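These notes are about the structure you will find just below.
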Amino acid sequence: MATMTQAPEAVLLRADNVRKYYTDPRVRRQALKAVDGVSFVIRRGETFGLVGESGCGKSTLSRLVLRLEEVSGGSISFEGKDLAALGRREMLSVRRQMQIVFQDPYDSINPRMTVRQVVTEPMAVHRFDKAGWRPLADKLLADVGLSKDLADRLPHQLSGGQRQRLCIARALALSPKLLVCDEAVSALDVSIQAQILNLMLDLKEEHGLTYLFISHNLSVVKYISDRIGVMYFGKLVEVAGKEELFANCLHPYTGALFSAIPTAHPDAHRERMILKGDVPNLYEPPMGCIFSDRCPFVRAKCRDVAPEMRSFGEGHEVACHFAGELDIPRGWEGAL
Ligand SMILES: Nc1ncnc2c1ncn2[C@@H]1O[C@H](COP(=O)(O)OP(=O)(O)OP(=O)(O)O)[C@@H](O)[C@H]1O
Ligand SMILES: [Mg+2]
């Protein structure tokens, strides 16, 4: 009988109603709802950007995706396999295929290892044939633009940008399919940021990568992403293709984020949306919409009923009862 070769599934990662509640009985009895019912897919080969302000649950979500922590509810699947159902050995092989690059390389690099050792370490852990370590490390260092004479240096002898290149080289050592970047360029100055982002775009093609790219900085997310998810305190409030999101955002919180991007032209006029009020208490989030306490368009229904994600055209989803009916200020064209 002829065997059928199946095309790989288009969806690489699927998050379905994912929740993460933290309880610390020493502090209080209630749980902190860091991630509260988030669903999205990442397709093979795309860059999915996740944007939202500090504390909204981005890093928590990235740890759940890598199964560095267990979900409190819902599920995450990678290539169709539910991560929570995988045993230790299976998880180890899946983990090889998902790597992470953090904001601060100092936290994740052993300061006593040379640059080359940092890159070969994962090869040793995963028992690659030793003869191949050095040539592969040198190729990866070249791929990320680190010259050979840096290979014997210690991490503190590198610049911030070079150190982040090193972290990327190490993340690529196991030929991952998914690279999770959590604020990977946020600590770098703007010109180095641009270099690293361009490097990441090149590496994506060369190494056939898929990215989950997390940042609080909308300009950075805009530059690198194909699709963008906007997160507001534990919830995804809007997901759309990049062009669509920037041309036609429908959630008031996305509008507020956009209006906070600095403009390149000092005399550009635009309406700003200034948010009033405090960020929600994650121990006792509002009963209705998570954004209701700060939304300039809030109506009675928003305080009572939490909105579900609804579709507004291909790939554009919004969790707002009144999406499409609101006059969200535009005019962020020309924004950086
Ligand atoms: N291990 C933990 N125990 C208790 N609460 C936690 C834990 N980890 C995160 N939190 C809380 O969960 C919420 C989300 O945190 P998280 O680090 O995911 O936010 P973030 O969006 O990555 O923020 P930032 O942009 O500042 O990195 C915060 O209120 C945080 O205090
Ligand atoms: Mg974070």
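If you're wondering about the labels, chains in the structure tokens are A, B, ... by order shown, residues count from 1 in each chain, ligands from 1 in order shown.
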
Within 8 Å of ligand 2, which residues show up when you count only C-alpha atoms and all ligand atoms? List them as a list in words, please. Ser54, Gly55, Gly57, Lys58, Ser59, Thr60, Asp182, Glu183 and Ser215 of chain A

Would you mind exporting the chosen residues as a PDB file, in the first residue's frame, restricted to C-alpha atoms?
ATOM      1  CA  SER A  54       3.949  45.905  31.798  1.00  0.00           C
ATOM      2  CA  GLY A  55       2.289  43.271  33.984  1.00  0.00           C
ATOM      3  CA  GLY A  57       0.847  38.625  31.400  1.00  0.00           C
ATOM      4  CA  LYS A  58       3.130  38.427  28.351  1.00  0.00           C
ATOM      5  CA  SER A  59       6.036  36.657  30.066  1.00  0.00           C
ATOM      6  CA  THR A  60       3.672  34.365  31.921  1.00  0.00           C
ATOM      7  CA  ASP A 182      10.530  37.948  25.282  1.00  0.00           C
ATOM      8  CA  GLU A 183      11.507  41.625  25.128  1.00  0.00           C
ATOM      9  CA  SER A 215       7.289  43.334  23.508  1.00  0.00           C
TER      10      SER A 215
END

Do you have, as JSON lines, the list of residues of chain A lying at most 9 Å from ligand 1, each with its nearest atom pair and that distance in Å to one decimal, counting only C-alpha atoms and all ligand atoms and ordered by chain then number?
{"residue": "A:Lys20", "atom": "CA", "partner": "ligand 1", "partner_atom_place_in_ligand_line": "12 (O)", "distance": 8.6}
{"residue": "A:Tyr21", "atom": "CA", "partner": "ligand 1", "partner_atom_place_in_ligand_line": "5 (N)", "distance": 8.0}
{"residue": "A:Tyr22", "atom": "CA", "partner": "ligand 1", "partner_atom_place_in_ligand_line": "4 (C)", "distance": 5.0}
{"residue": "A:Thr23", "atom": "CA", "partner": "ligand 1", "partner_atom_place_in_ligand_line": "4 (C)", "distance": 6.8}
{"residue": "A:Asp24", "atom": "CA", "partner": "ligand 1", "partner_atom_place_in_ligand_line": "4 (C)", "distance": 7.1}
{"residue": "A:Ala31", "atom": "CA", "partner": "ligand 1", "partner_atom_place_in_ligand_line": "4 (C)", "distance": 8.8}
{"residue": "A:Leu32", "atom": "CA", "partner": "ligand 1", "partner_atom_place_in_ligand_line": "5 (N)", "distance": 6.5}
{"residue": "A:Lys33", "atom": "CA", "partner": "ligand 1", "partner_atom_place_in_ligand_line": "12 (O)", "distance": 7.1}
{"residue": "A:Ala34", "atom": "CA", "partner": "ligand 1", "partner_atom_place_in_ligand_line": "12 (O)", "distance": 4.3}
{"residue": "A:Val35", "atom": "CA", "partner": "ligand 1", "partner_atom_place_in_ligand_line": "14 (C)", "distance": 7.4}
{"residue": "A:Val51", "atom": "CA", "partner": "ligand 1", "partner_atom_place_in_ligand_line": "21 (O)", "distance": 8.4}
{"residue": "A:Gly52", "atom": "CA", "partner": "ligand 1", "partner_atom_place_in_ligand_line": "21 (O)", "distance": 6.5}
{"residue": "A:Glu53", "atom": "CA", "partner": "ligand 1", "partner_atom_place_in_ligand_line": "25 (O)", "distance": 5.7}
{"residue": "A:Ser54", "atom": "CA", "partner": "ligand 1", "partner_atom_place_in_ligand_line": "25 (O)", "distance": 3.4}
{"residue": "A:Gly55", "atom": "CA", "partner": "ligand 1", "partner_atom_place_in_ligand_line": "19 (O)", "distance": 3.4}
{"residue": "A:Cys56", "atom": "CA", "partner": "ligand 1", "partner_atom_place_in_ligand_line": "21 (O)", "distance": 4.0}
{"residue": "A:Gly57", "atom": "CA", "partner": "ligand 1", "partner_atom_place_in_ligand_line": "18 (O)", "distance": 3.2}
{"residue": "A:Lys58", "atom": "CA", "partner": "ligand 1", "partner_atom_place_in_ligand_line": "21 (O)", "distance": 3.8}
{"residue": "A:Ser59", "atom": "CA", "partner": "ligand 1", "partner_atom_place_in_ligand_line": "22 (O)", "distance": 3.6}
{"residue": "A:Thr60", "atom": "CA", "partner": "ligand 1", "partner_atom_place_in_ligand_line": "18 (O)", "distance": 3.7}
{"residue": "A:Leu61", "atom": "CA", "partner": "ligand 1", "partner_atom_place_in_ligand_line": "18 (O)", "distance": 6.4}
{"residue": "A:Ser62", "atom": "CA", "partner": "ligand 1", "partner_atom_place_in_ligand_line": "18 (O)", "distance": 8.0}
{"residue": "A:Arg63", "atom": "CA", "partner": "ligand 1", "partner_atom_place_in_ligand_line": "18 (O)", "distance": 8.5}
{"residue": "A:Asp182", "atom": "CA", "partner": "ligand 1", "partner_atom_place_in_ligand_line": "22 (O)", "distance": 7.9}
{"residue": "A:Glu183", "atom": "CA", "partner": "ligand 1", "partner_atom_place_in_ligand_line": "27 (O)", "distance": 7.5}
{"residue": "A:Ile214", "atom": "CA", "partner": "ligand 1", "partner_atom_place_in_ligand_line": "22 (O)", "distance": 8.4}
{"residue": "A:Ser215", "atom": "CA", "partner": "ligand 1", "partner_atom_place_in_ligand_line": "25 (O)", "distance": 7.0}
{"residue": "A:His216", "atom": "CA", "partner": "ligand 1", "partner_atom_place_in_ligand_line": "25 (O)", "distance": 5.7}
{"residue": "A:Met231", "atom": "CA", "partner": "ligand 1", "partner_atom_place_in_ligand_line": "21 (O)", "distance": 8.4}
{"residue": "A:Tyr232", "atom": "CA", "partner": "ligand 1", "partner_atom_place_in_ligand_line": "21 (O)", "distance": 8.8}
{"residue": "A:Phe233", "atom": "CA", "partner": "ligand 1", "partner_atom_place_in_ligand_line": "14 (C)", "distance": 7.5}
{"residue": "A:Gly234", "atom": "CA", "partner": "ligand 1", "partner_atom_place_in_ligand_line": "14 (C)", "distance": 7.5}
{"residue": "A:Asn281", "atom": "CA", "partner": "ligand 1", "partner_atom_place_in_ligand_line": "29 (O)", "distance": 8.8}
{"residue": "A:Leu282", "atom": "CA", "partner": "ligand 1", "partner_atom_place_in_ligand_line": "29 (O)", "distance": 6.8}

Selected residues written out with C-alpha atoms, as a compact mmCIF listing (two decimals), in the first residue's frame:
# COMPACT_ATOMS: atom_id res chain seq x y z
CA LYS A 20 -2.69 30.91 34.66
CA TYR A 21 -3.78 31.78 38.19
CA TYR A 22 -1.16 32.29 40.88
CA THR A 23 -2.07 31.62 44.48
CA ASP A 24 0.13 32.53 47.39
CA ALA A 31 -5.70 33.87 43.04
CA LEU A 32 -3.98 36.41 40.83
CA LYS A 33 -5.32 35.97 37.32
CA ALA A 34 -2.16 36.59 35.27
CA VAL A 35 -3.53 34.98 32.09
CA VAL A 51 2.05 43.51 22.69
CA GLY A 52 0.72 44.97 25.93
CA GLU A 53 1.80 47.04 28.90
CA SER A 54 3.95 45.91 31.80
CA GLY A 55 2.29 43.27 33.98
CA CYS A 56 -0.35 42.24 31.44
CA GLY A 57 0.85 38.63 31.40
CA LYS A 58 3.13 38.43 28.35
CA SER A 59 6.04 36.66 30.07
CA THR A 60 3.67 34.37 31.92
CA LEU A 61 2.17 33.36 28.59
CA SER A 62 5.62 32.74 27.12
CA ARG A 63 6.53 30.46 30.04
CA ASP A 182 10.53 37.95 25.28
CA GLU A 183 11.51 41.63 25.13
CA ILE A 214 6.78 39.67 22.76
CA SER A 215 7.29 43.33 23.51
CA HIS A 216 5.65 46.25 25.27
CA MET A 231 -3.05 41.89 25.39
CA TYR A 232 -4.67 43.76 28.27
CA PHE A 233 -4.26 42.32 31.75
CA GLY A 234 -4.68 38.62 31.22
CA ASN A 281 -6.79 44.51 40.17
CA LEU A 282 -5.84 41.04 38.94

Point out the residue among A:Asp36, A:Glu243, A:Asp104, A:Glu121 with the least atom-to-atom distance to A:His316, counting only C-alpha atoms.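 Of the candidates, the smallest distance to A:His316 is held by A:Glu243.
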
For the contact check between stretch 93-145 of chain A and stretch 76-89 of chain A, emit one row per residue of stretch 93-145 of chain A within 12 Å, containing the shortest atom pair and the distance in Å rounded to one decimal, counting only C-alpha atoms, chain then rising number order, as a Markdown table.
| residue | atom | partner | partner_atom | distance |
| --- | --- | --- | --- | --- |
| A:Ser93 | CA | A:Arg89 | CA | 6.6 |
| A:Val94 | CA | A:Phe78 | CA | 8.0 |
| A:Arg95 | CA | A:Arg89 | CA | 9.8 |
| A:Arg96 | CA | A:Arg89 | CA | 11.2 |
| A:Gln97 | CA | A:Phe78 | CA | 9.5 |
| A:Met98 | CA | A:Phe78 | CA | 9.3 |

Need the shell around stretch 105-109 of chain A: protein/DNA/RNA residues with any atom at most 9 Å away, counting only C-alpha atoms. Skip same-chain ones fewer than 4 positions apart. Format as a VMD selection string? chain A and resid 101 113 118 155 to 156 160 163 to 164 166 to 167 184

Suppose we keep N, CA and C atoms; can you now write the selection as a tab-separated table (two decimals), in the first residue's frame?
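Done, and the output landed in result18.tsv:
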chain	number	residue	atom	x	y	z
A	101	VAL	N	14.60	33.56	23.73
A	101	VAL	CA	15.61	34.61	23.89
A	101	VAL	C	15.00	35.66	24.82
A	113	MET	N	31.72	31.02	30.98
A	113	MET	CA	31.91	30.29	29.72
A	113	MET	C	32.34	31.24	28.62
A	118	VAL	N	29.35	28.84	25.23
A	118	VAL	CA	27.92	29.15	25.43
A	118	VAL	C	27.10	28.51	24.30
A	155	PRO	N	31.50	36.51	28.19
A	155	PRO	CA	30.32	37.34	27.88
A	155	PRO	C	30.47	38.81	28.31
A	156	HIS	N	31.15	39.06	29.45
A	156	HIS	CA	31.23	40.46	29.89
A	156	HIS	C	32.15	41.29	29.01
A	160	GLY	N	26.36	44.95	24.60
A	160	GLY	CA	25.00	44.46	24.81
A	160	GLY	C	24.43	43.81	23.54
A	163	ARG	N	26.10	40.52	22.92
A	163	ARG	CA	25.61	39.49	23.84
A	163	ARG	C	24.25	38.95	23.40
A	164	GLN	N	23.42	39.85	22.89
A	164	GLN	CA	22.11	39.37	22.44
A	164	GLN	C	22.27	38.51	21.19
A	166	LEU	N	24.76	36.57	20.71
A	166	LEU	CA	25.23	35.30	21.26
A	166	LEU	C	24.05	34.45	21.75
A	167	CYS	N	23.12	35.10	22.45
A	167	CYS	CA	21.94	34.37	22.94
A	167	CYS	C	21.14	33.79	21.78
A	184	ALA	N	13.22	40.75	23.63
A	184	ALA	CA	14.59	40.41	23.25
A	184	ALA	C	15.43	41.62	22.83

A:Ser225: which residues within 10 Å, counting only C-alpha atoms, same-chain residues fewer than 6 positions away excluded, as a list in words?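 Near A:Ser225, the qualifying residues are Glu46, Thr47, Phe48, Gly49, Leu50, Leu201, Tyr211, Leu212, Phe213, Ile214, Gly241, Lys242 and Glu243 of chain A.
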
How far is it from atom CA of A:Asp293 to atom CA of A:Gly277, in Å with one decimal? 6.8 Å

Hey, can you check how far atom CA of A:Ala187 sits from atom CA of A:Gln162?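 Atom CA of A:Gln162 lies at a distance of 12.4 Å from atom CA of A:Ala187.
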
Nearest residue to A:Val230 out of A:Leu197, A:Ala15, A:Glu206, A:Glu317, using only C-alpha atoms? A:Glu317

Would you return as an mmCIF file with C-alpha atoms, in the first residue's frame the members of stretch 94-266 of chain A that DSSP assigns to alpha helix (DSSP H) on this structure's backbone?
data_model
loop_
_atom_site.group_PDB
_atom_site.id
_atom_site.type_symbol
_atom_site.label_atom_id
_atom_site.label_comp_id
_atom_site.auth_asym_id
_atom_site.auth_seq_id
_atom_site.Cartn_x
_atom_site.Cartn_y
_atom_site.Cartn_z
ATOM 1 C CA VAL A 94 9.529 19.076 21.982
ATOM 2 C CA ARG A 95 11.512 21.515 24.097
ATOM 3 C CA ARG A 96 14.416 21.240 21.642
ATOM 4 C CA PRO A 105 21.334 38.038 28.373
ATOM 5 C CA TYR A 106 23.223 38.332 31.689
ATOM 6 C CA ASP A 107 20.494 36.325 33.394
ATOM 7 C CA SER A 108 20.686 33.467 30.959
ATOM 8 C CA VAL A 115 31.381 32.669 23.678
ATOM 9 C CA ARG A 116 31.999 29.383 21.860
ATOM 10 C CA GLN A 117 31.228 27.329 24.977
ATOM 11 C CA VAL A 118 27.924 29.148 25.425
ATOM 12 C CA VAL A 119 26.887 28.038 21.936
ATOM 13 C CA THR A 120 28.140 24.448 22.285
ATOM 14 C CA GLU A 121 26.548 23.895 25.709
ATOM 15 C CA PRO A 122 23.096 22.913 24.347
ATOM 16 C CA MET A 123 24.833 20.547 21.907
ATOM 17 C CA ALA A 124 26.525 18.849 24.859
ATOM 18 C CA VAL A 125 23.274 18.644 26.830
ATOM 19 C CA TRP A 133 30.251 21.008 18.031
ATOM 20 C CA ARG A 134 32.935 23.424 16.968
ATOM 21 C CA PRO A 135 32.090 23.711 13.261
ATOM 22 C CA LEU A 136 28.399 24.179 14.105
ATOM 23 C CA ALA A 137 29.194 26.776 16.787
ATOM 24 C CA ASP A 138 31.410 28.705 14.380
ATOM 25 C CA LYS A 139 28.729 28.618 11.703
ATOM 26 C CA LEU A 140 26.075 29.872 14.152
ATOM 27 C CA LEU A 141 28.362 32.659 15.388
ATOM 28 C CA ALA A 142 28.931 33.689 11.771
ATOM 29 C CA ASP A 143 25.164 33.508 11.108
ATOM 30 C CA GLY A 160 24.996 44.460 24.808
ATOM 31 C CA GLY A 161 24.142 43.931 21.153
ATOM 32 C CA GLN A 162 26.868 41.297 20.754
ATOM 33 C CA ARG A 163 25.613 39.491 23.845
ATOM 34 C CA GLN A 164 22.113 39.368 22.443
ATOM 35 C CA ARG A 165 23.530 37.972 19.165
ATOM 36 C CA LEU A 166 25.233 35.299 21.260
ATOM 37 C CA CYS A 167 21.941 34.366 22.939
ATOM 38 C CA ILE A 168 20.316 34.059 19.538
ATOM 39 C CA ALA A 169 23.171 31.814 18.298
ATOM 40 C CA ARG A 170 22.745 29.597 21.336
ATOM 41 C CA ALA A 171 18.975 29.424 20.833
ATOM 42 C CA LEU A 172 19.548 28.279 17.238
ATOM 43 C CA VAL A 190 17.481 52.105 19.107
ATOM 44 C CA SER A 191 20.137 51.623 16.406
ATOM 45 C CA ILE A 192 21.258 48.273 17.845
ATOM 46 C CA GLN A 193 17.603 47.288 18.188
ATOM 47 C CA ALA A 194 17.148 47.793 14.456
ATOM 48 C CA GLN A 195 20.255 45.705 13.683
ATOM 49 C CA ILE A 196 19.065 42.816 15.843
ATOM 50 C CA LEU A 197 15.540 42.964 14.405
ATOM 51 C CA ASN A 198 16.954 42.820 10.869
ATOM 52 C CA LEU A 199 19.194 39.931 11.888
ATOM 53 C CA MET A 200 16.158 38.104 13.259
ATOM 54 C CA LEU A 201 14.268 38.632 10.017
ATOM 55 C CA ASP A 202 17.222 37.199 8.036
ATOM 56 C CA LEU A 203 17.598 34.232 10.386
ATOM 57 C CA LYS A 204 13.908 33.471 10.086
ATOM 58 C CA GLU A 205 14.357 32.784 6.373
ATOM 59 C CA GLU A 206 17.692 30.983 6.654
ATOM 60 C CA HIS A 207 16.672 28.743 9.542
ATOM 61 C CA LEU A 218 4.403 48.606 19.579
ATOM 62 C CA SER A 219 6.878 50.083 17.069
ATOM 63 C CA VAL A 220 9.177 47.082 17.529
ATOM 64 C CA VAL A 221 6.295 44.617 17.242
ATOM 65 C CA LYS A 222 5.052 46.435 14.153
ATOM 66 C CA TYR A 223 8.421 46.179 12.460
ATOM 67 C CA ILE A 224 8.887 42.451 12.833
ATOM 68 C CA LYS A 242 -0.286 43.863 10.998
ATOM 69 C CA GLU A 243 -1.528 46.005 8.100
ATOM 70 C CA GLU A 244 -5.150 45.485 9.089
ATOM 71 C CA LEU A 245 -4.474 46.315 12.736
ATOM 72 C CA PHE A 246 -2.717 49.550 11.899
ATOM 73 C CA ALA A 247 -5.266 50.579 9.269
ATOM 74 C CA PRO A 252 -10.367 51.097 22.261
ATOM 75 C CA TYR A 253 -7.290 49.791 24.103
ATOM 76 C CA THR A 254 -5.463 49.216 20.807
ATOM 77 C CA GLY A 255 -6.413 52.762 19.866
ATOM 78 C CA ALA A 256 -4.924 54.045 23.111
ATOM 79 C CA LEU A 257 -1.708 52.083 22.526
ATOM 80 C CA PHE A 258 -1.399 53.500 19.023
ATOM 81 C CA SER A 259 -1.968 57.037 20.144
#

Pick out the residues sitting within 9 Å of stretch 294-301 of chain A, and hand them over as a list in words; count only C-alpha atoms, and ignore anything fewer than 4 positions along from it in its own chain.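 What passes the distance filter is Pro252, Tyr253, Met273, Ile274, Leu275, Lys276, Gly277, Asp278, Val279, Pro280, Gly288, Cys289, Ile290, Val305, Ala306, His321, Phe322, Leu326 and Asp327 of chain A.
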
Filtering to C-alpha atoms, could you give me those residues as a short mmCIF file (atom, residue, chain, number, x, y, z; two decimals), in the first residue's frame?
data_model
loop_
_atom_site.label_atom_id
_atom_site.label_comp_id
_atom_site.auth_asym_id
_atom_site.auth_seq_id
_atom_site.Cartn_x
_atom_site.Cartn_y
_atom_site.Cartn_z
CA PRO A 252 -10.37 51.10 22.26
CA TYR A 253 -7.29 49.79 24.10
CA MET A 273 -6.46 58.95 23.68
CA ILE A 274 -5.39 59.40 27.26
CA LEU A 275 -6.48 56.59 29.55
CA LYS A 276 -7.81 57.53 32.96
CA GLY A 277 -8.04 55.31 35.99
CA ASP A 278 -5.91 52.50 37.33
CA VAL A 279 -4.95 49.20 35.82
CA PRO A 280 -7.30 46.40 36.96
CA GLY A 288 -17.57 42.60 32.73
CA CYS A 289 -14.93 43.76 30.25
CA ILE A 290 -11.41 43.83 31.68
CA VAL A 305 -20.85 41.10 30.62
CA ALA A 306 -17.34 40.10 29.56
CA HIS A 321 -19.24 44.62 22.62
CA PHE A 322 -19.23 47.76 20.53
CA LEU A 326 -16.87 53.38 18.08
CA ASP A 327 -15.06 56.41 16.84
#

Give the strand (DSSP E or B) residues of stretch 53-299 of chain A, as assigned by DSSP on the backbone, as JSON, numbers by chain. {"A": [73, 74, 75, 76, 77, 78, 81, 82, 98, 99, 100, 101, 178, 179, 180, 181, 182, 210, 211, 212, 213, 214, 215, 227, 228, 229, 230, 231, 232, 235, 236, 237, 238, 239, 240, 241, 263]}

Take the residues just selected and output them with C-alpha atoms as a PDB file, in the first residue's frame.
ATOM      1  CA  GLY A  73      -6.713  25.725  32.651  1.00  0.00           C
ATOM      2  CA  GLY A  74      -7.107  25.433  28.889  1.00  0.00           C
ATOM      3  CA  SER A  75      -4.457  23.886  26.686  1.00  0.00           C
ATOM      4  CA  ILE A  76      -1.436  24.620  24.526  1.00  0.00           C
ATOM      5  CA  SER A  77      -0.535  22.328  21.673  1.00  0.00           C
ATOM      6  CA  PHE A  78       2.606  22.248  19.556  1.00  0.00           C
ATOM      7  CA  LYS A  81       0.344  17.632  20.597  1.00  0.00           C
ATOM      8  CA  ASP A  82      -1.128  18.849  23.869  1.00  0.00           C
ATOM      9  CA  MET A  98      11.079  25.648  21.119  1.00  0.00           C
ATOM     10  CA  GLN A  99      13.752  28.041  22.319  1.00  0.00           C
ATOM     11  CA  ILE A 100      13.605  31.394  24.042  1.00  0.00           C
ATOM     12  CA  VAL A 101      15.611  34.613  23.895  1.00  0.00           C
ATOM     13  CA  LEU A 178       9.731  28.105  17.271  1.00  0.00           C
ATOM     14  CA  LEU A 179      11.726  30.935  18.773  1.00  0.00           C
ATOM     15  CA  VAL A 180      10.044  32.825  21.610  1.00  0.00           C
ATOM     16  CA  CYS A 181      11.546  36.290  22.014  1.00  0.00           C
ATOM     17  CA  ASP A 182      10.530  37.948  25.282  1.00  0.00           C
ATOM     18  CA  THR A 210       8.513  30.759  13.438  1.00  0.00           C
ATOM     19  CA  TYR A 211       8.529  33.551  16.034  1.00  0.00           C
ATOM     20  CA  LEU A 212       6.451  34.452  19.028  1.00  0.00           C
ATOM     21  CA  PHE A 213       7.728  37.978  19.495  1.00  0.00           C
ATOM     22  CA  ILE A 214       6.779  39.667  22.756  1.00  0.00           C
ATOM     23  CA  SER A 215       7.289  43.334  23.508  1.00  0.00           C
ATOM     24  CA  ARG A 227       0.142  39.253  12.833  1.00  0.00           C
ATOM     25  CA  ILE A 228      -0.259  40.994  16.170  1.00  0.00           C
ATOM     26  CA  GLY A 229      -2.159  40.124  19.346  1.00  0.00           C
ATOM     27  CA  VAL A 230      -2.912  42.952  21.774  1.00  0.00           C
ATOM     28  CA  MET A 231      -3.045  41.895  25.394  1.00  0.00           C
ATOM     29  CA  TYR A 232      -4.668  43.756  28.267  1.00  0.00           C
ATOM     30  CA  LYS A 235      -6.850  38.841  28.108  1.00  0.00           C
ATOM     31  CA  LEU A 236      -6.249  39.131  24.400  1.00  0.00           C
ATOM     32  CA  VAL A 237      -8.431  42.011  23.267  1.00  0.00           C
ATOM     33  CA  GLU A 238      -7.601  42.193  19.559  1.00  0.00           C
ATOM     34  CA  VAL A 239      -5.800  40.008  17.005  1.00  0.00           C
ATOM     35  CA  ALA A 240      -5.231  40.965  13.377  1.00  0.00           C
ATOM     36  CA  GLY A 241      -2.739  41.010  10.550  1.00  0.00           C
ATOM     37  CA  THR A 263       5.430  60.638  16.037  1.00  0.00           C
TER      38      THR A 263
END

Shell of 9 Å around A:Leu154, only C-alpha atoms, local chain residues under 4 positions omitted, as a JSON list (two decimals) with N, CA and C atoms, in the first residue's frame:
[["chain", "number", "residue", "atom", "x", "y", "z"],
["A", 111, "PRO", "N", 28.51, 33.35, 33.10],
["A", 111, "PRO", "CA", 29.56, 34.36, 32.87],
["A", 111, "PRO", "C", 30.96, 33.76, 32.74],
["A", 112, "ARG", "N", 31.13, 32.51, 33.15],
["A", 112, "ARG", "CA", 32.47, 31.89, 33.09],
["A", 112, "ARG", "C", 32.72, 31.12, 31.81],
["A", 113, "MET", "N", 31.72, 31.02, 30.98],
["A", 113, "MET", "CA", 31.91, 30.29, 29.72],
["A", 113, "MET", "C", 32.34, 31.24, 28.62],
["A", 114, "THR", "N", 33.18, 30.75, 27.73],
["A", 114, "THR", "CA", 33.53, 31.58, 26.57],
["A", 114, "THR", "C", 32.35, 31.59, 25.61],
["A", 115, "VAL", "N", 32.44, 32.53, 24.68],
["A", 115, "VAL", "CA", 31.38, 32.67, 23.68],
["A", 115, "VAL", "C", 31.12, 31.33, 22.98],
["A", 150, "LEU", "N", 35.93, 36.71, 18.40],
["A", 150, "LEU", "CA", 35.20, 36.89, 19.66],
["A", 150, "LEU", "C", 34.93, 35.55, 20.35],
["A", 158, "LEU", "N", 31.75, 41.43, 25.86],
["A", 158, "LEU", "CA", 30.98, 41.77, 24.66],
["A", 158, "LEU", "C", 30.11, 42.99, 24.93]]

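Across the structure, atom CA of A:Tyr283 and atom CA of A:Asp16 are spaced 22.1 Å apart.
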